[in-house]
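Colleague: Right, I'll just put the structure down here and ask away after.
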Amino acid sequence: MKVTVVGAGAVGASCAEYIAIKNFASEVVLLDIKEGYAEGKAMDLMQTASLNGFDTTITGTTGDYSRTAGSDIAVITSGIPRKPGMTREELIGINAGIVKTVASNLLEHSPNVTLIVVSNPMDTMTYLVHKTTNLPKNKIIGMGGALDSARFKYRLAEALDAPISDIDGMVIGGHSDTGMVPLASQAARNSVKVSEFLSEERLQQVVEDTKVGGATLTKLLGTSAWYAPGAAVSALVQAIACDQKKMFPCSTFLEGEYGLNDICIGVPVLLGKNGIESIVEISLSDAEKTKMQESAVGVRNTNGLLDV
Ligand SMILES: NC(=O)c1ccc[n+]([C@@H]2O[C@H](COP(=O)([O-])OP(=O)(O)OC[C@H]3O[C@@H](n4cnc5c(N)ncnc54)[C@H](O)[C@@H]3O)[C@@H](O)[C@H]2O)c1
């Protein structure tokens, strides 16, 4: 199992680290355009191998895509992150060009690769990869919902004063401050709906805190977060590499599911060796259906800025 991570910045390096620590991949290649950066991060991470007990080999390269040849999975984290006060959508001007070029370079050397798109605005970048490559839709996966769901569970555990392992919850919709749809009505503590424990007002606060989860961290850190994004990507990579058939909300190209067409947006999918093995259609309340449609309008507006 060979995994390439393009962009050896905060999220890319964190993702490489979590993949290595989980010890399921034989090789991780980090690629960046900044001279020596990926090589340095790879060497630093390899010097944790004996301490953290993994055998994954991590190598780095400055822009040499031949080193990525034969990758089974590639993660695209290259591009600029947001600064405090910015929305993810504002990154489109720079990141669209980067993502398009990176995807084309990756496919030249790994025609059968499964791509995981992380760069923001993620749903639109996933749509861009769909429109500009000939990869089948099951091999183009946008990562956002796995992270947003982890943030939702964190906020739910906090509100319930419960261990996170007791909590189940999912966020679908667009990966943006306004577009996320945390499924509060279905969130549970050990199969008991959280609405049994939390007032409507408190639950609404959890939903709002979840939606601005990224912005809250960007304000604190001065740039966007990396540990949870890296961990979320590594969970998707592991589900595919180990053919786990695990369910995650991921951005995928829809053809009628959830009443939507010609859009990439977060919905529950099963991940296994074929990438997206299936899209899971769950029942939504009328309010959630409306929010999903509104979210799609936001994603489409950003897609409209693309030159495809
Ligand atoms: N989808 C999500 O849930 C999620 C979560 C966090 C961050 N992000 C996004 O991920 C991206 C990366 O964030 P970060 O914090 O790691 O940023 P970063 O600045 O730390 O790292 C980005 C790296 O990409 C490299 N890069 C730029 N152009 C490149 C190119 N053409 N080829 C190869 N490498 C290139 C840069 O040199 C840099 O090292 C941002 O767009 C951010 O908004 C998405």
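How things are named: the first chain in the structure tokens is A, the next is B, and so on; residues count from 1 in each chain; ligands count from 1 in the order shown.
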Please provide as a count of residues only all residues within 12 Å of Ser195 of chain A, with the sequence filter that same-chain residues fewer than 6 positions apart are discarded (counting only C-alpha atoms).
Modeller: 15
Colleague: Could you list, as a ChimeraX atom specification, every residue within 6 Å of segment 210-218 of chain A, counting only C-alpha atoms and ignoring same-chain residues fewer than 6 positions away?
Modeller: /A:84,151-152,177,180,224
Colleague: Using DSSP on the backbone, list every residue of segment 98-231 of chain A that comes out as helix (DSSP H, G or I), and give them as a ChimeraX atom specification.
Modeller: /A:98-109,122-132,137-139,145-160,164-166,194-196,200-211,213-221,227-231
Colleague: Could you make a table, as CSV, of the residues of segment 39-138 of chain A that have an atom within 9 Å of an atom of segment 12-31 of chain A, each with its nearest atom pair and distance in Å to one decimal, counting only C-alpha atoms, in chain and number order?
Modeller:
residue,atom,partner,partner_atom,distance
A:Glu39,CA,A:Leu30,CA,7.6
A:Lys41,CA,A:Ala13,CA,6.9
A:Ala42,CA,A:Leu30,CA,6.8
A:Leu45,CA,A:Glu17,CA,6.7
A:Ala49,CA,A:Ile21,CA,8.0
A:Asn52,CA,A:Ile21,CA,6.6
A:Gly53,CA,A:Ile21,CA,7.3
A:Phe54,CA,A:Asn23,CA,5.4
A:Asp55,CA,A:Asn23,CA,6.5
A:Thr56,CA,A:Ser26,CA,4.8
A:Thr57,CA,A:Glu27,CA,4.8
A:Ile58,CA,A:Val28,CA,4.7
A:Thr59,CA,A:Val29,CA,5.0
A:Gly60,CA,A:Leu30,CA,4.6
A:Thr61,CA,A:Leu31,CA,5.0
A:Thr62,CA,A:Leu31,CA,5.8
A:Gly63,CA,A:Leu31,CA,6.0
A:Asp64,CA,A:Leu31,CA,7.5
A:Tyr65,CA,A:Leu31,CA,7.8
A:Arg67,CA,A:Val29,CA,7.5
A:Thr68,CA,A:Val29,CA,6.5
A:Ser71,CA,A:Val29,CA,8.9
A:Val75,CA,A:Gly12,CA,8.0
A:Ile76,CA,A:Gly12,CA,8.1
A:Thr77,CA,A:Gly12,CA,5.8
A:Ser78,CA,A:Gly12,CA,7.9
Colleague: A:Asp32, A:Glu255, A:Asp72, A:Glu89: which is nearest Leu306 of chain A, counting only C-alpha atoms?
Modeller: A:Glu89
Colleague: Restricting the calculation to only C-alpha atoms and all ligand atoms: of A:Gln238, A:Ser191, A:Ser66, A:Asn95, which residue gets closest to ligand 1?
Modeller: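 The closest residue to ligand 1 is A:Asn95.
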Colleague: Using Å and a single decimal, report how far atom CA of Gly179 of chain A sits from atom CA of Tyr258 of chain A.
Modeller: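 Calculated distance between atom CA of Tyr258 of chain A and atom CA of Gly179 of chain A is 15.1 Å.
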